[in-house]
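Structure below is work09.cif: mmCIF, C-alpha atoms.
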```cif
data_run
loop_
_atom_site.label_atom_id
_atom_site.label_comp_id
_atom_site.auth_asym_id
_atom_site.auth_seq_id
_atom_site.Cartn_x
_atom_site.Cartn_y
_atom_site.Cartn_z
CA MET N 1 18.27 -30.07 -16.84
CA THR N 2 18.17 -28.99 -13.19
CA ILE N 3 15.66 -26.19 -13.11
CA SER N 4 16.83 -24.53 -9.90
CA THR N 5 20.41 -23.99 -11.13
CA SER N 6 19.79 -23.01 -14.77
CA PRO N 7 20.23 -19.29 -15.54
CA ASN N 8 17.03 -19.00 -17.59
CA PRO N 9 14.88 -22.17 -17.47
CA SER N 10 11.98 -21.97 -19.91
CA PHE N 11 8.86 -24.07 -20.51
CA VAL N 12 8.84 -24.73 -24.25
CA LEU N 13 6.22 -26.08 -26.63
CA GLN N 14 8.16 -28.28 -29.05
CA LYS N 15 5.17 -29.37 -31.12
CA VAL N 16 1.54 -30.37 -30.55
CA ASN N 17 1.22 -32.16 -27.20
CA GLU N 18 4.97 -32.10 -26.59
CA VAL N 19 6.62 -29.73 -24.12
CA SER N 20 9.97 -29.64 -22.36
CA PHE N 21 12.11 -27.54 -20.05
CA GLU N 22 15.02 -25.81 -21.77
CA ASP N 23 17.82 -23.60 -20.60
CA ARG N 24 17.57 -20.47 -22.74
CA PRO N 25 20.04 -17.55 -22.82
CA ILE N 26 19.29 -14.72 -20.43
CA PRO N 27 17.69 -12.04 -22.64
CA LYS N 28 19.62 -8.79 -23.01
CA LEU N 29 18.28 -5.27 -23.05
CA SER N 30 18.05 -4.13 -26.67
CA SER N 31 17.10 -0.53 -25.86
CA PRO N 32 18.00 1.94 -23.09
CA LYS N 33 14.25 1.99 -22.29
CA ASP N 34 14.10 -1.80 -21.76
CA VAL N 35 13.58 -3.60 -18.46
CA ARG N 36 14.51 -7.17 -17.55
CA ILE N 37 12.03 -8.86 -15.23
CA GLU N 38 12.47 -11.98 -13.12
CA ILE N 39 9.17 -13.81 -13.54
CA LYS N 40 7.49 -14.87 -10.29
CA GLN N 41 3.90 -15.81 -11.19
CA THR N 42 2.27 -16.88 -14.46
CA GLY N 43 -1.34 -17.79 -15.18
CA ILE N 44 -2.39 -20.30 -17.82
CA CYS N 45 -4.62 -18.90 -20.57
CA GLY N 46 -6.88 -20.80 -22.94
CA SER N 47 -4.74 -19.63 -25.87
CA ASP N 48 -1.66 -21.29 -24.33
CA VAL N 49 -3.59 -24.53 -24.03
CA HIS N 50 -4.89 -24.24 -27.60
CA TYR N 51 -1.36 -23.89 -28.97
CA TYR N 52 -0.37 -26.89 -26.84
CA THR N 53 -3.17 -29.09 -28.17
CA HIS N 54 -3.64 -27.76 -31.73
CA GLY N 55 -0.43 -25.94 -32.64
CA ALA N 56 -2.29 -22.97 -34.09
CA ILE N 57 -4.94 -20.33 -33.53
CA GLY N 58 -6.24 -19.13 -36.89
CA SER N 59 -3.32 -17.85 -38.94
CA PHE N 60 -0.94 -17.99 -35.95
CA ILE N 61 0.82 -21.33 -36.44
CA VAL N 62 3.58 -22.80 -34.27
CA LYS N 63 6.39 -23.59 -36.70
CA ALA N 64 9.30 -23.69 -34.24
CA PRO N 65 9.73 -24.34 -30.50
CA MET N 66 8.05 -21.56 -28.51
CA VAL N 67 8.09 -20.61 -24.83
CA LEU N 68 4.52 -20.60 -23.51
CA GLY N 69 2.82 -18.16 -21.13
CA HIS N 70 1.82 -14.49 -21.22
CA GLU N 71 -0.07 -13.76 -17.97
CA SER N 72 2.82 -12.84 -15.71
CA ALA N 73 4.10 -10.67 -12.90
CA GLY N 74 7.62 -10.38 -11.56
CA ILE N 75 10.40 -8.27 -10.07
CA VAL N 76 12.58 -5.85 -12.01
CA ALA N 77 16.12 -7.29 -12.24
CA GLU N 78 17.76 -4.76 -14.57
CA VAL N 79 16.84 -1.41 -16.12
CA GLY N 80 18.15 0.38 -19.18
CA SER N 81 20.05 3.64 -18.90
CA ALA N 82 17.04 5.73 -20.00
CA VAL N 83 14.44 4.08 -17.72
CA THR N 84 12.97 6.64 -15.29
CA SER N 85 9.78 5.12 -13.84
CA LEU N 86 11.14 1.80 -12.55
CA LYS N 87 14.08 0.56 -10.51
CA VAL N 88 15.58 -2.80 -9.65
CA GLY N 89 13.37 -4.52 -7.08
CA ASP N 90 10.06 -3.02 -8.23
CA ARG N 91 7.21 -5.49 -8.62
CA VAL N 92 5.40 -5.24 -11.96
CA ALA N 93 2.63 -6.75 -14.05
CA LEU N 94 3.79 -7.49 -17.60
CA GLU N 95 1.75 -6.26 -20.54
CA PRO N 96 2.91 -8.93 -23.00
CA GLY N 97 2.21 -7.37 -26.40
CA ILE N 98 4.57 -4.83 -27.95
CA PRO N 99 3.16 -2.88 -30.94
CA CYS N 100 5.21 -1.22 -33.66
CA ARG N 101 4.30 2.27 -32.30
CA TYR N 102 4.35 3.77 -35.83
CA CYS N 103 1.30 2.51 -37.74
CA ASP N 104 -2.01 4.37 -37.98
CA HIS N 105 -3.62 2.15 -35.33
CA CYS N 106 -0.80 2.75 -32.87
CA LYS N 107 -0.84 6.51 -33.43
CA ALA N 108 -4.63 6.55 -33.06
CA GLY N 109 -4.40 4.86 -29.65
CA SER N 110 -5.57 1.41 -30.75
CA TYR N 111 -2.26 -0.40 -30.53
CA ASN N 112 -4.03 -3.71 -29.87
CA LEU N 113 -4.96 -3.62 -33.58
CA CYS N 114 -1.34 -3.21 -34.71
CA ALA N 115 -0.57 -5.68 -37.50
CA ASP N 116 3.05 -5.89 -36.35
CA MET N 117 2.25 -6.66 -32.70
CA LYS N 118 4.86 -8.86 -31.01
CA PHE N 119 2.74 -10.75 -28.50
CA ALA N 120 4.21 -13.19 -26.00
CA ALA N 121 3.51 -16.88 -26.71
CA THR N 122 1.99 -16.05 -30.09
CA PRO N 123 4.04 -17.49 -32.96
CA PRO N 124 6.80 -16.73 -33.63
CA TYR N 125 7.39 -14.91 -30.32
CA ASP N 126 8.39 -16.60 -27.07
CA GLY N 127 6.29 -16.24 -23.94
CA THR N 128 6.92 -15.54 -20.28
CA LEU N 129 7.14 -19.01 -18.69
CA CYS N 130 10.83 -18.53 -18.02
CA ARG N 131 13.02 -16.91 -15.38
CA PHE N 132 13.83 -13.69 -17.25
CA TYR N 133 11.84 -11.68 -19.77
CA VAL N 134 12.52 -8.26 -21.35
CA LEU N 135 9.93 -5.55 -22.02
CA PRO N 136 9.97 -1.82 -22.70
CA GLU N 137 9.55 0.28 -19.56
CA ASP N 138 6.07 1.50 -20.51
CA PHE N 139 4.72 -2.03 -20.83
CA CYS N 140 5.56 -2.83 -17.21
CA VAL N 141 2.92 -1.62 -14.75
CA LYS N 142 4.21 -1.12 -11.22
CA LEU N 143 2.17 -2.91 -8.57
CA PRO N 144 1.07 -1.00 -5.44
CA VAL N 145 2.28 -2.41 -2.12
CA ASN N 146 -1.14 -3.95 -1.40
CA VAL N 147 -1.27 -5.90 -4.69
CA SER N 148 0.47 -9.29 -4.62
CA LEU N 149 2.44 -10.87 -7.43
CA GLU N 150 -0.31 -13.49 -7.76
CA GLU N 151 -2.83 -10.70 -8.30
CA GLY N 152 -0.36 -9.08 -10.67
CA ALA N 153 -0.39 -12.18 -12.89
CA LEU N 154 -4.17 -11.89 -13.17
CA VAL N 155 -3.96 -8.28 -14.35
CA GLU N 156 -3.61 -9.58 -17.93
CA PRO N 157 -7.03 -11.34 -18.09
CA LEU N 158 -8.56 -8.57 -15.98
CA SER N 159 -7.36 -6.05 -18.58
CA VAL N 160 -9.30 -8.02 -21.19
CA GLY N 161 -12.39 -7.66 -19.00
CA VAL N 162 -11.72 -3.95 -18.60
CA HIS N 163 -11.38 -3.48 -22.37
CA VAL N 164 -14.58 -5.42 -23.12
CA THR N 165 -16.62 -3.56 -20.52
CA LYS N 166 -15.31 -0.18 -21.65
CA LEU N 167 -16.31 -1.00 -25.23
CA ALA N 168 -19.81 -1.92 -24.02
CA LYS N 169 -20.00 1.49 -22.31
CA VAL N 170 -21.65 0.03 -19.22
CA THR N 171 -23.32 2.74 -17.15
CA PRO N 172 -24.08 3.02 -13.42
CA GLY N 173 -27.39 1.43 -12.43
CA SER N 174 -27.58 -0.62 -15.63
CA SER N 175 -28.35 -4.28 -16.33
CA VAL N 176 -25.61 -6.40 -17.91
CA ILE N 177 -25.73 -10.01 -19.09
CA VAL N 178 -22.52 -12.03 -19.60
CA PHE N 179 -22.50 -15.26 -21.58
CA GLY N 180 -19.73 -17.65 -20.53
CA ALA N 181 -18.44 -17.86 -16.95
CA GLY N 182 -14.83 -18.72 -17.74
CA PRO N 183 -12.06 -16.42 -16.50
CA VAL N 184 -12.81 -13.57 -18.94
CA GLY N 185 -16.57 -13.79 -18.43
CA LEU N 186 -16.16 -13.81 -14.65
CA LEU N 187 -13.88 -10.79 -14.83
CA CYS N 188 -16.33 -8.98 -17.12
CA CYS N 189 -18.96 -9.50 -14.42
CA ALA N 190 -16.57 -8.06 -11.83
CA VAL N 191 -15.65 -5.04 -13.95
CA ALA N 192 -19.31 -4.37 -14.80
CA LYS N 193 -20.03 -4.23 -11.07
CA ALA N 194 -17.06 -1.91 -10.54
CA PHE N 195 -18.43 0.32 -13.32
CA GLY N 196 -21.72 0.62 -11.45
CA ALA N 197 -23.99 -2.01 -13.02
CA THR N 198 -26.56 -3.14 -10.45
CA THR N 199 -28.02 -6.15 -12.26
CA ILE N 200 -25.45 -8.63 -13.57
CA THR N 201 -26.61 -11.93 -15.07
CA ALA N 202 -24.14 -14.75 -15.78
CA VAL N 203 -25.10 -17.49 -18.25
CA ASP N 204 -23.23 -20.79 -18.48
CA LEU N 205 -23.86 -24.52 -18.83
CA VAL N 206 -21.85 -25.34 -15.69
CA GLN N 207 -23.53 -24.57 -12.38
CA ALA N 208 -20.22 -24.48 -10.46
CA ARG N 209 -19.01 -21.63 -12.67
CA LEU N 210 -22.23 -19.73 -12.07
CA ASP N 211 -21.82 -20.22 -8.34
CA LEU N 212 -18.40 -18.60 -8.62
CA ALA N 213 -19.87 -15.82 -10.78
CA LYS N 214 -22.22 -14.97 -7.91
CA GLU N 215 -19.29 -14.90 -5.50
CA VAL N 216 -17.44 -12.58 -7.84
CA ALA N 217 -20.18 -10.14 -8.87
CA ALA N 218 -23.28 -11.63 -10.51
CA THR N 219 -26.71 -10.93 -9.05
CA HIS N 220 -28.45 -13.54 -11.23
CA SER N 221 -27.46 -16.71 -13.07
CA TYR N 222 -29.04 -18.88 -15.74
CA VAL N 223 -28.33 -22.36 -17.07
CA PRO N 224 -29.73 -22.76 -20.62
CA VAL N 225 -32.26 -25.54 -20.99
CA LYS N 226 -31.30 -28.17 -23.56
CA GLY N 227 -33.56 -27.93 -26.59
CA ASP N 228 -34.65 -24.33 -26.01
CA SER N 229 -34.29 -21.93 -28.93
CA ALA N 230 -32.42 -18.66 -28.49
CA ALA N 231 -35.74 -16.81 -28.31
CA GLU N 232 -37.06 -19.21 -25.66
CA SER N 233 -33.91 -18.85 -23.56
CA ALA N 234 -34.09 -15.06 -23.87
CA ALA N 235 -37.74 -15.03 -22.79
CA LYS N 236 -36.94 -17.09 -19.70
CA ILE N 237 -34.04 -14.80 -18.77
CA VAL N 238 -36.16 -11.66 -19.13
CA LYS N 239 -38.88 -13.26 -17.00
CA MET N 240 -36.25 -14.08 -14.35
CA LEU N 241 -35.23 -10.41 -14.42
CA GLY N 242 -38.77 -9.25 -13.71
CA GLY N 243 -39.61 -8.45 -17.30
CA LYS N 244 -36.76 -5.97 -17.81
CA ALA N 245 -34.39 -6.85 -20.63
CA PRO N 246 -30.70 -6.02 -20.05
CA GLN N 247 -29.21 -3.02 -21.84
CA PHE N 248 -25.73 -4.53 -22.23
CA ALA N 249 -24.65 -8.00 -23.38
CA ILE N 250 -21.13 -9.42 -23.33
CA GLU N 251 -20.51 -12.71 -25.13
CA ALA N 252 -17.42 -14.39 -23.67
CA SER N 253 -17.93 -18.01 -24.74
CA GLY N 254 -17.77 -17.92 -28.53
CA ALA N 255 -20.73 -20.30 -28.74
CA GLY N 256 -23.15 -19.60 -31.59
CA ALA N 257 -26.17 -20.33 -29.38
CA SER N 258 -25.00 -17.73 -26.88
CA VAL N 259 -24.50 -15.12 -29.60
CA ASN N 260 -28.06 -15.65 -30.79
CA THR N 261 -29.50 -15.59 -27.28
CA ALA N 262 -27.61 -12.39 -26.48
CA ILE N 263 -29.16 -10.58 -29.45
CA GLN N 264 -32.60 -11.94 -28.57
CA VAL N 265 -32.39 -10.93 -24.90
CA LEU N 266 -31.14 -7.35 -25.30
CA ALA N 267 -33.43 -4.37 -24.84
CA GLN N 268 -34.19 -2.03 -27.73
CA GLY N 269 -31.16 0.15 -28.45
CA GLY N 270 -28.91 -2.13 -26.40
CA SER N 271 -25.16 -2.68 -26.72
CA TYR N 272 -23.46 -6.00 -27.56
CA VAL N 273 -19.74 -6.85 -27.34
CA GLN N 274 -18.18 -10.05 -28.69
CA ALA N 275 -15.23 -11.15 -26.57
CA GLY N 276 -15.19 -14.92 -27.04
CA MET N 277 -13.79 -16.65 -30.10
CA GLY N 278 -15.54 -19.71 -31.50
CA ALA N 279 -16.30 -21.06 -34.95
CA PRO N 280 -15.11 -18.81 -37.82
CA GLU N 281 -18.71 -18.40 -39.03
CA ILE N 282 -22.06 -18.68 -37.25
CA SER N 283 -25.73 -17.96 -37.97
CA PHE N 284 -26.78 -14.50 -36.79
CA PRO N 285 -30.27 -13.10 -36.00
CA ILE N 286 -29.92 -10.11 -38.26
CA THR N 287 -33.60 -9.13 -38.25
CA GLU N 288 -33.73 -9.00 -34.45
CA PHE N 289 -30.45 -7.09 -34.43
CA THR N 290 -31.76 -4.55 -36.93
CA VAL N 291 -35.25 -3.89 -35.59
CA LYS N 292 -33.86 -3.39 -32.09
CA GLU N 293 -31.26 -0.99 -33.49
CA LEU N 294 -28.53 -2.63 -31.45
CA THR N 295 -24.88 -1.57 -31.36
CA ALA N 296 -22.29 -4.33 -31.75
CA ARG N 297 -18.53 -4.28 -31.20
CA GLY N 298 -15.76 -6.82 -31.38
CA SER N 299 -13.13 -6.80 -28.64
CA PHE N 300 -9.50 -7.86 -28.99
CA ARG N 301 -7.06 -7.98 -26.07
CA TYR N 302 -6.66 -4.52 -24.46
CA GLY N 303 -5.53 -1.01 -25.24
CA PRO N 304 -3.99 2.08 -23.65
CA GLY N 305 -4.93 2.55 -20.01
CA ASP N 306 -6.58 -0.85 -19.58
CA TYR N 307 -3.68 -2.35 -17.62
CA GLN N 308 -3.39 0.67 -15.34
CA LEU N 309 -7.14 0.66 -14.65
CA ALA N 310 -7.05 -3.11 -13.96
CA VAL N 311 -4.32 -2.59 -11.35
CA GLU N 312 -6.32 0.25 -9.78
CA LEU N 313 -9.45 -1.92 -9.57
CA VAL N 314 -7.49 -4.61 -7.73
CA ALA N 315 -5.67 -2.15 -5.46
CA SER N 316 -8.91 -0.41 -4.49
CA GLY N 317 -10.64 -3.70 -3.67
CA LYS N 318 -13.32 -3.16 -6.32
CA VAL N 319 -12.29 -6.40 -8.06
CA ASP N 320 -11.05 -9.45 -6.15
CA VAL N 321 -9.12 -11.54 -8.69
CA LYS N 322 -7.98 -13.97 -5.99
CA LYS N 323 -11.41 -15.61 -6.10
CA LEU N 324 -10.52 -17.04 -9.52
CA ILE N 325 -7.35 -18.81 -8.35
CA THR N 326 -8.14 -22.51 -7.91
CA HIS N 327 -4.70 -24.12 -8.20
CA ARG N 328 -1.08 -23.12 -7.53
CA VAL N 329 1.86 -25.18 -8.83
CA LYS N 330 5.63 -24.91 -8.97
CA PHE N 331 7.45 -24.23 -12.23
CA ASP N 332 8.64 -27.81 -12.58
CA GLU N 333 4.98 -28.91 -12.47
CA ALA N 334 4.00 -26.67 -15.39
CA GLU N 335 3.03 -29.57 -17.65
CA GLU N 336 0.68 -30.95 -14.99
CA ALA N 337 -0.90 -27.52 -14.69
CA PHE N 338 -1.64 -27.50 -18.41
CA LYS N 339 -3.17 -30.95 -18.17
CA LEU N 340 -5.48 -29.74 -15.40
CA VAL N 341 -6.73 -26.95 -17.66
CA MET N 342 -7.17 -29.38 -20.56
CA LYS N 343 -9.36 -31.55 -18.30
CA GLY N 344 -11.50 -28.54 -17.42
CA GLN N 345 -10.37 -28.57 -13.80
CA GLY N 346 -10.05 -25.24 -12.10
CA VAL N 347 -10.66 -21.69 -13.22
CA LYS N 348 -7.29 -19.98 -13.03
CA ILE N 349 -4.10 -21.94 -12.37
CA LEU N 350 -0.93 -20.09 -11.38
CA ILE N 351 2.61 -21.32 -11.94
CA GLU N 352 5.17 -20.05 -9.43
CA GLY N 353 8.73 -19.30 -10.42
CA PRO N 354 11.12 -20.51 -11.66
CA ALA N 355 12.88 -20.33 -8.29
CA PRO N 356 16.02 -18.18 -8.17
CA ALA N 357 19.19 -19.88 -9.36
CA ALA N 358 21.23 -21.43 -6.56
#
```
Just give me the structure of the file as structure tokens.
Amino acid sequence: MTISTSPNPSFVLQKVNEVSFEDRPIPKLSSPKDVRIEIKQTGICGSDVHYYTHGAIGSFIVKAPMVLGHESAGIVAEVGSAVTSLKVGDRVALEPGIPCRYCDHCKAGSYNLCADMKFAATPPYDGTLCRFYVLPEDFCVKLPVNVSLEEGALVEPLSVGVHVTKLAKVTPGSSVIVFGAGPVGLLCCAVAKAFGATTITAVDLVQARLDLAKEVAATHSYVPVKGDSAAESAAKIVKMLGGKAPQFAIEASGAGASVNTAIQVLAQGGSYVQAGMGAPEISFPITEFTVKELTARGSFRYGPGDYQLAVELVASGKVDVKKLITHRVKFDEAEEAFKLVMKGQGVKILIEGPAPAA
């Protein structure tokens, strides 16, 4: 197909390691509160790549062709008759998961835990790597004039960082350690700084990522030494920090060794949040966890207010998401962009378009 002249070109995962461009129907508004958005920028997430290479994440299995992508920003192209907060031409960040709104979790304000969540590019629901996408009005967050569409596409991963850091309950003047300097870990560092943390330690095996972490927010960095136990790594980190153990730990890698080191390094009464997903089961230092009387939380996606706060952090200059952008490609180069991520090249790759139909 000719991408530039198709009404709704879409980047579709056909099966493991096989993608194609398809012309899909332009989605219609199904509710008077719906909004149709013309997608302008989309970031590639690790989950998109995992579906591409494995066809599944846990119980979410690709059984039919699926449009990829869920980190997007665009311009409002049509609004339903009952929409009051947006108009055609507004620039918005897309919150890509729509909950049922009726279950106990939704009514309690934890809609990210909704069992009936319809999340973009999570089977069986199509994603946002297309020209047009439809969302309810309240899941489109208007971008201020000083926030670009590129920055708008990074609001999705930044919202994850906001949610994680809120769950940790990071306080001003505190010490935070973040394991894993991928996009989410880097953004957790940035949000921790915005929340007032004054000591922020990034831990990763790749020095280049730690260098970026220091550009973003980190005050300290640490590369684990091969062969060191979790306790030995923790001791070295505490020594690097002048003998003061951090009060907050965020694990954003999913690596079992990092989980263990995080528990070992935390101060008595500290707070731990698990953001990364790794092996289904790992060994856990339960004695250390218990005698320190630590608090542990899991973190999944984002909840009410996280998107709005993420936009405010970008608009105010407290978080500079542009530092994470390493590559920009056109829509018709989407497959090459995925291959770059699969090779471990770049931090955040943005896909522009599709271009408007001729």
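Here CA of Lys40 in chain N is placed at a distance of 25.0 Å from CA of Asn17 in chain N.
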Pull out every residue that the PyMOL selection byres ((chain N and resi 80-91) around 9) matches in the shown coordinates and put them as a ChimeraX atom specification.
/N:29-37,73-79,92-93,136-138,140-145,148-149,152
Apply the PyMOL selection byres ((chain N and resi 221-229) around 10) to the file shown and report the selected residues as a ChimeraX atom specification.
/N:177-179,181,200-207,209-211,213-214,218-220,230-237,240,257-258,260-261
Taking the file as shown, what set of residues would the PyMOL selection byres ((chain N and resi 282) around 12) give back, as a PyMOL selection string?
chain N and resi 254-260+277-281+283-286
Can you measure CA of Asn112 in chain N to CA of Ser299 in chain N for me? One decimal in Å is fine.
9.7 Å
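Between Ser174 in chain N and the residues N:Ala245, N:Ala310, N:Leu212, N:Ala153, the shortest atom-to-atom distance, using only C-alpha atoms, involves N:Ala245.
Using all atoms listed in the file, the shortest contact distance between Cys45 in chain N and any of N:Ser72, N:Asn146, N:Gln264, N:Ser59 is found at N:Ser72.
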For CA of Glu95 in chain N and CA of Ser271 in chain N, determine how far apart the two atoms are, in Å to one decimal place.
27.8 Å
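The smallest atom-to-atom distance between Val176 in chain N and any of N:Leu94, N:Ala208, N:Cys103, N:Val265, using only C-alpha atoms, is found for N:Val265.
Taking only C-alpha atoms into account, Leu167 in chain N lies nearest to N:Phe300 out of the set N:Tyr102, N:Phe119, N:Phe21, N:Phe300.
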Looking at N:Asp23, N:Glu312, N:Glu18, N:Glu251, which one is nearest to Gly185 in chain N, with distances taken over all atoms listed in the file?
N:Glu251
Leu340 in chain N environment, 12 Å, only C-alpha atoms, sequence neighbours closer than 2 positions dropped, as a PDB file with C-alpha atoms, keeping the file's coordinate frame:
```pdb
ATOM      1  CA  ILE N  44      -2.390 -20.300 -17.820  1.00  0.00           C
ATOM      2  CA  GLY N  46      -6.880 -20.800 -22.940  1.00  0.00           C
ATOM      3  CA  VAL N  49      -3.590 -24.530 -24.030  1.00  0.00           C
ATOM      4  CA  THR N 326      -8.140 -22.510  -7.910  1.00  0.00           C
ATOM      5  CA  HIS N 327      -4.700 -24.120  -8.200  1.00  0.00           C
ATOM      6  CA  ARG N 328      -1.080 -23.120  -7.530  1.00  0.00           C
ATOM      7  CA  VAL N 329       1.860 -25.180  -8.830  1.00  0.00           C
ATOM      8  CA  GLU N 333       4.980 -28.910 -12.470  1.00  0.00           C
ATOM      9  CA  ALA N 334       4.000 -26.670 -15.390  1.00  0.00           C
ATOM     10  CA  GLU N 335       3.030 -29.570 -17.650  1.00  0.00           C
ATOM     11  CA  GLU N 336       0.680 -30.950 -14.990  1.00  0.00           C
ATOM     12  CA  ALA N 337      -0.900 -27.520 -14.690  1.00  0.00           C
ATOM     13  CA  PHE N 338      -1.640 -27.500 -18.410  1.00  0.00           C
ATOM     14  CA  MET N 342      -7.170 -29.380 -20.560  1.00  0.00           C
ATOM     15  CA  LYS N 343      -9.360 -31.550 -18.300  1.00  0.00           C
ATOM     16  CA  GLY N 344     -11.500 -28.540 -17.420  1.00  0.00           C
ATOM     17  CA  GLN N 345     -10.370 -28.570 -13.800  1.00  0.00           C
ATOM     18  CA  GLY N 346     -10.050 -25.240 -12.100  1.00  0.00           C
ATOM     19  CA  VAL N 347     -10.660 -21.690 -13.220  1.00  0.00           C
ATOM     20  CA  LYS N 348      -7.290 -19.980 -13.030  1.00  0.00           C
ATOM     21  CA  ILE N 349      -4.100 -21.940 -12.370  1.00  0.00           C
ATOM     22  CA  LEU N 350      -0.930 -20.090 -11.380  1.00  0.00           C
TER      23      LEU N 350
END
```
Between N:Ser110, N:Ser316, N:Thr128, N:Thr295, which is the closest to Phe11 in chain N once you count only C-alpha atoms?
N:Thr128
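Selection around (13.4, -19.4, -20.7) with radius 8 Å, counting only C-alpha atoms, yields the residues Asn8, Pro9, Ser10, Phe11, Val12, Glu22, Asp23, Arg24, Pro25, Ile26, Val67, Thr128, Leu129, Cys130, Arg131, Phe132 and Tyr133 of chain N.
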